[in-house]
Amino acid sequence: MNSAVAQTSQAFLDELKSYLGCRGALVHGWDAVNQPMIRQWCEVFDFDFPPFVDPVAAASTVHGGIVAPATMLPVWLMPGLRNARPAGSDTADPRAVMRVLEREGYVGILGTDSEQTYERPLRPGDKISCFHSVDSISQEKQTRMGPGFFVTFLQEFVDEQGQPVGTMRLRILRFKPHAKVQTAPKRPSPPQPSLNQDTAFFWEGLKEGKLLIQRCKGCGKLRHPPGPACTHCHSLEWDTLQSSGRGKLFSFVFMHKPRHPAFDYPHPVGLVELEEGVRLIAPLCGMAQDKPYIGMPVEVVIDPVEGEHRLPSFRPRAKA
Ligand code: ZN
């Protein structure tokens, strides 16, 4: 006996057992077996078997007329959207044992299988009623969903004369769901850059762990942020230079607002002057709020992949 079962109180098990073995609530169907509902059901399941849907063809069968598909049996007892029952039905809840299981924490529910038997074909005009009972309740079982009980409900269908026309057994697992493992919520990715033909090289370079700077092919001047033309000689021709990633803090701020869930606040952001001579803005990392200072030596850190793109930030660097 496992611990979960050991913790199950005898009083509770006795209460479950009390639902077994007695024929329970008698419930009447709302409507007699009827041809429109048979036709609609057959449409849903794409059946066109003549004894179900064609009165002329059905008349020449051994049934002498329309019969309902056997598997429609429980349809005639459906309570409808309002979950109400016709006058004369028992008002007791035929699934009362479920409330007991819910009360004890078996709140998970899983239909496992059903089984039907048929005594005779049902014809339009048959008025069907049904007795509900609890056929069996298993011992407490360990399942992949959690510890639980398999409860089998029995419906015994009868006609107006009380003659049996069929049965249905429906087996349901009620279980205590395993406690979900609490995991820290995943931090959202930082905002991702929008790429264009002038900036794509910068982000593509970062993916390869390189900090690339745009360089004018006309005059050799470096520029950042990237742009289509050299502001010095107006050349549209350019290539790139891989930066050493080393530089110094030209300026910095601690951002408080606006806030983005990807970052901690206050969020230090630096204007870094690279040793190649251009400046770029990037987050600072690895420094407490009061540590950065103008002129501080820094070096680039290219973050692990976050979302689609890698982002550069700068950390303190020992003076060479
Ligand atoms: Zn130029």
# chains A, B, ... in the order shown; residues from 1 in each chain; ligands from 1

call {"tool": "select_by_dssp", "arguments": {"residues": "stretch 77-282 of chain A", "states": "helix (DSSP H, G or I)", "output": "ChimeraX atom specification"}}
result
/A:77,96-103,200-207

call {"tool": "write_last_selection", "arguments": {"atoms": "N, CA and C atoms", "output": "compact mmCIF listing (two decimals), in the first residue's frame"}}
result
# COMPACT_ATOMS: atom_id res chain seq x y z
N LEU A 77 -31.31 10.52 -23.89
CA LEU A 77 -31.36 10.92 -22.47
C LEU A 77 -30.55 12.16 -22.18
N ALA A 96 -23.73 11.90 -7.84
CA ALA A 96 -23.42 12.49 -6.53
C ALA A 96 -22.07 12.02 -5.99
N VAL A 97 -21.67 10.80 -6.34
CA VAL A 97 -20.39 10.30 -5.85
C VAL A 97 -19.23 11.19 -6.32
N MET A 98 -19.44 11.85 -7.45
CA MET A 98 -18.40 12.74 -7.96
C MET A 98 -18.17 13.91 -7.01
N ARG A 99 -19.23 14.40 -6.40
CA ARG A 99 -19.07 15.54 -5.48
C ARG A 99 -18.23 15.12 -4.27
N VAL A 100 -18.43 13.85 -3.85
CA VAL A 100 -17.66 13.35 -2.71
C VAL A 100 -16.17 13.31 -3.07
N LEU A 101 -15.87 12.82 -4.26
CA LEU A 101 -14.47 12.75 -4.69
C LEU A 101 -13.86 14.14 -4.83
N GLU A 102 -14.64 15.07 -5.37
CA GLU A 102 -14.13 16.45 -5.50
C GLU A 102 -13.82 17.03 -4.13
N ARG A 103 -14.71 16.78 -3.19
CA ARG A 103 -14.52 17.31 -1.83
C ARG A 103 -13.20 16.82 -1.23
N ALA A 200 22.12 45.56 -40.81
CA ALA A 200 22.11 44.10 -40.68
C ALA A 200 23.51 43.55 -40.34
N PHE A 201 24.57 44.15 -40.93
CA PHE A 201 25.92 43.63 -40.71
C PHE A 201 26.28 43.63 -39.23
N PHE A 202 25.81 44.68 -38.51
CA PHE A 202 26.15 44.84 -37.09
C PHE A 202 25.59 43.67 -36.29
N TRP A 203 24.32 43.34 -36.55
CA TRP A 203 23.66 42.26 -35.80
C TRP A 203 24.13 40.89 -36.25
N GLU A 204 24.42 40.77 -37.54
CA GLU A 204 24.94 39.49 -38.04
C GLU A 204 26.32 39.23 -37.43
N GLY A 205 27.11 40.31 -37.29
CA GLY A 205 28.43 40.17 -36.69
C GLY A 205 28.35 39.70 -35.24
N LEU A 206 27.38 40.27 -34.51
CA LEU A 206 27.22 39.89 -33.10
C LEU A 206 26.87 38.40 -32.97
N LYS A 207 26.08 37.91 -33.93
CA LYS A 207 25.74 36.48 -33.89
C LYS A 207 26.99 35.62 -33.94

call {"tool": "closest_atom_pairs", "arguments": {"of": "chain A", "to": "ligand 1", "cutoff": "10 Å", "atoms": "only C-alpha atoms and all ligand atoms", "output": "Markdown table"}}
result
| residue | atom | partner | partner_atom_place_in_ligand_line | distance |
| --- | --- | --- | --- | --- |
| A:Arg215 | CA | ligand 1 | 1 (Zn) | 7.8 |
| A:Cys216 | CA | ligand 1 | 1 (Zn) | 4.5 |
| A:Lys217 | CA | ligand 1 | 1 (Zn) | 6.4 |
| A:Gly218 | CA | ligand 1 | 1 (Zn) | 4.7 |
| A:Cys219 | CA | ligand 1 | 1 (Zn) | 4.0 |
| A:Gly220 | CA | ligand 1 | 1 (Zn) | 5.9 |
| A:Lys221 | CA | ligand 1 | 1 (Zn) | 5.5 |
| A:Leu222 | CA | ligand 1 | 1 (Zn) | 8.2 |
| A:Arg223 | CA | ligand 1 | 1 (Zn) | 9.2 |
| A:Ala229 | CA | ligand 1 | 1 (Zn) | 7.7 |
| A:Cys230 | CA | ligand 1 | 1 (Zn) | 4.5 |
| A:Thr231 | CA | ligand 1 | 1 (Zn) | 6.7 |
| A:His232 | CA | ligand 1 | 1 (Zn) | 5.0 |
| A:Cys233 | CA | ligand 1 | 1 (Zn) | 4.1 |
| A:His234 | CA | ligand 1 | 1 (Zn) | 5.9 |
| A:Ser235 | CA | ligand 1 | 1 (Zn) | 5.4 |
| A:Leu236 | CA | ligand 1 | 1 (Zn) | 8.2 |
| A:Glu237 | CA | ligand 1 | 1 (Zn) | 8.2 |
| A:Trp238 | CA | ligand 1 | 1 (Zn) | 8.3 |

call {"tool": "write_last_selection", "arguments": {"atoms": "N, CA, C and O atoms", "output": "compact mmCIF listing (two decimals), in the first residue's frame"}}
result
# COMPACT_ATOMS: atom_id res chain seq x y z
N ARG A 215 32.91 51.16 -41.92
CA ARG A 215 34.08 51.95 -42.33
C ARG A 215 33.87 52.44 -43.76
O ARG A 215 33.53 51.65 -44.66
N CYS A 216 34.10 53.74 -43.97
CA CYS A 216 33.94 54.33 -45.29
C CYS A 216 35.06 53.83 -46.20
O CYS A 216 36.24 53.87 -45.83
N LYS A 217 34.68 53.36 -47.41
CA LYS A 217 35.69 52.91 -48.36
C LYS A 217 36.36 54.09 -49.06
O LYS A 217 37.43 53.96 -49.65
N GLY A 218 35.67 55.26 -49.01
CA GLY A 218 36.23 56.43 -49.68
C GLY A 218 37.35 57.05 -48.87
O GLY A 218 38.44 57.32 -49.41
N CYS A 219 37.11 57.30 -47.58
CA CYS A 219 38.09 58.01 -46.78
C CYS A 219 38.58 57.20 -45.58
O CYS A 219 39.46 57.66 -44.85
N GLY A 220 37.98 56.02 -45.36
CA GLY A 220 38.44 55.15 -44.28
C GLY A 220 37.91 55.53 -42.91
O GLY A 220 38.24 54.89 -41.91
N LYS A 221 37.03 56.54 -42.83
CA LYS A 221 36.51 56.98 -41.54
C LYS A 221 35.50 55.94 -41.00
O LYS A 221 34.68 55.42 -41.74
N LEU A 222 35.59 55.68 -39.69
CA LEU A 222 34.64 54.78 -39.04
C LEU A 222 33.40 55.56 -38.63
O LEU A 222 33.50 56.74 -38.28
N ARG A 223 32.28 54.90 -38.64
CA ARG A 223 31.06 55.59 -38.18
C ARG A 223 30.13 54.61 -37.45
O ARG A 223 30.06 53.43 -37.78
N ALA A 229 25.57 56.58 -45.91
CA ALA A 229 26.61 57.41 -46.57
C ALA A 229 27.58 57.95 -45.53
O ALA A 229 27.25 58.12 -44.36
N CYS A 230 28.77 58.23 -45.97
CA CYS A 230 29.79 58.82 -45.10
C CYS A 230 29.48 60.31 -44.92
O CYS A 230 29.28 61.02 -45.91
N THR A 231 29.41 60.75 -43.68
CA THR A 231 29.12 62.17 -43.44
C THR A 231 30.35 63.02 -43.73
O THR A 231 30.26 64.24 -43.80
N HIS A 232 31.51 62.37 -43.91
CA HIS A 232 32.76 63.12 -44.14
C HIS A 232 32.98 63.34 -45.63
O HIS A 232 33.20 64.48 -46.08
N CYS A 233 32.91 62.23 -46.44
CA CYS A 233 33.19 62.36 -47.88
C CYS A 233 31.99 62.02 -48.75
O CYS A 233 32.08 62.07 -49.97
N HIS A 234 30.86 61.66 -48.10
CA HIS A 234 29.60 61.36 -48.78
C HIS A 234 29.66 60.11 -49.65
O HIS A 234 28.77 59.88 -50.48
N SER A 235 30.68 59.30 -49.48
CA SER A 235 30.74 58.06 -50.25
C SER A 235 29.66 57.09 -49.75
O SER A 235 29.36 57.03 -48.56
N LEU A 236 29.10 56.35 -50.73
CA LEU A 236 28.12 55.32 -50.38
C LEU A 236 28.78 53.95 -50.22
O LEU A 236 28.11 52.97 -49.90
N GLU A 237 30.07 53.90 -50.48
CA GLU A 237 30.80 52.62 -50.41
C GLU A 237 31.32 52.42 -48.99
O GLU A 237 31.89 53.34 -48.40
N TRP A 238 31.15 51.22 -48.48
CA TRP A 238 31.65 50.97 -47.12
C TRP A 238 31.96 49.50 -46.92
O TRP A 238 31.47 48.63 -47.65

call {"tool": "closest_residue", "arguments": {"among": "A:Asp46, A:Asp239, A:Glu156, A:Asp113", "to": "A:Ala25", "atoms": "only C-alpha atoms"}}
result
A:Glu156

call {"tool": "closest_residue", "arguments": {"among": "A:Ser133, A:Ser138, A:Thr71, A:Ser89", "to": "A:Thr117", "atoms": "only C-alpha atoms"}}
result
A:Thr71

call {"tool": "atom_distance", "arguments": {"atom1": "atom CA of A:Cys285", "atom2": "atom CA of A:Gly270"}}
result
9.7 Å

call {"tool": "select_by_dssp", "arguments": {"residues": "stretch 228-314 of chain A", "states": "strand (DSSP E or B)", "output": "JSON, numbers by chain"}}
result
{"A": [238, 239, 240, 241, 242, 246, 247, 248, 249, 250, 251, 252, 253, 254, 255, 267, 268, 269, 270, 271, 272, 273, 274, 279, 280, 281, 282, 283, 284, 297, 298, 299, 300, 301, 302, 306, 309, 312, 313, 314]}

call {"tool": "write_last_selection", "arguments": {"atoms": "C-alpha atoms", "output": "PDB file, in the first residue's frame"}}
result
ATOM      1  CA  TRP A 238      31.651  50.970 -47.120  1.00  0.00           C
ATOM      2  CA  ASP A 239      32.997  47.857 -45.472  1.00  0.00           C
ATOM      3  CA  THR A 240      33.486  46.863 -41.837  1.00  0.00           C
ATOM      4  CA  LEU A 241      36.231  46.672 -39.250  1.00  0.00           C
ATOM      5  CA  GLN A 242      36.124  44.250 -36.340  1.00  0.00           C
ATOM      6  CA  ARG A 246      37.841  47.567 -25.732  1.00  0.00           C
ATOM      7  CA  GLY A 247      37.134  51.167 -24.844  1.00  0.00           C
ATOM      8  CA  LYS A 248      36.312  53.548 -22.032  1.00  0.00           C
ATOM      9  CA  LEU A 249      33.186  55.022 -20.599  1.00  0.00           C
ATOM     10  CA  PHE A 250      32.579  58.391 -22.199  1.00  0.00           C
ATOM     11  CA  SER A 251      29.359  58.844 -20.239  1.00  0.00           C
ATOM     12  CA  PHE A 252      26.665  56.789 -18.565  1.00  0.00           C
ATOM     13  CA  VAL A 253      23.209  56.959 -17.000  1.00  0.00           C
ATOM     14  CA  PHE A 254      21.102  54.786 -14.741  1.00  0.00           C
ATOM     15  CA  MET A 255      17.775  54.342 -16.412  1.00  0.00           C
ATOM     16  CA  HIS A 267      19.495  49.888 -15.565  1.00  0.00           C
ATOM     17  CA  PRO A 268      22.999  51.228 -16.292  1.00  0.00           C
ATOM     18  CA  VAL A 269      23.579  52.312 -19.870  1.00  0.00           C
ATOM     19  CA  GLY A 270      26.912  53.588 -21.107  1.00  0.00           C
ATOM     20  CA  LEU A 271      28.170  55.681 -23.982  1.00  0.00           C
ATOM     21  CA  VAL A 272      31.374  53.799 -24.725  1.00  0.00           C
ATOM     22  CA  GLU A 273      34.226  55.225 -26.740  1.00  0.00           C
ATOM     23  CA  LEU A 274      35.889  52.288 -28.481  1.00  0.00           C
ATOM     24  CA  ARG A 279      31.216  55.703 -29.678  1.00  0.00           C
ATOM     25  CA  LEU A 280      28.258  53.461 -29.146  1.00  0.00           C
ATOM     26  CA  ILE A 281      25.473  53.160 -26.596  1.00  0.00           C
ATOM     27  CA  ALA A 282      25.063  49.838 -24.830  1.00  0.00           C
ATOM     28  CA  PRO A 283      24.000  48.443 -21.452  1.00  0.00           C
ATOM     29  CA  LEU A 284      26.659  48.144 -18.742  1.00  0.00           C
ATOM     30  CA  PRO A 297      38.085  51.001 -18.999  1.00  0.00           C
ATOM     31  CA  VAL A 298      35.451  48.629 -20.347  1.00  0.00           C
ATOM     32  CA  GLU A 299      35.237  45.731 -22.743  1.00  0.00           C
ATOM     33  CA  VAL A 300      32.383  44.274 -24.722  1.00  0.00           C
ATOM     34  CA  VAL A 301      30.419  41.237 -23.661  1.00  0.00           C
ATOM     35  CA  ILE A 302      28.271  39.689 -26.328  1.00  0.00           C
ATOM     36  CA  GLU A 306      18.419  36.097 -26.402  1.00  0.00           C
ATOM     37  CA  HIS A 309      19.689  38.434 -31.852  1.00  0.00           C
ATOM     38  CA  PRO A 312      26.348  43.740 -26.784  1.00  0.00           C
ATOM     39  CA  SER A 313      26.970  45.161 -23.336  1.00  0.00           C
ATOM     40  CA  PHE A 314      30.117  46.432 -21.612  1.00  0.00           C
TER      41      PHE A 314
END
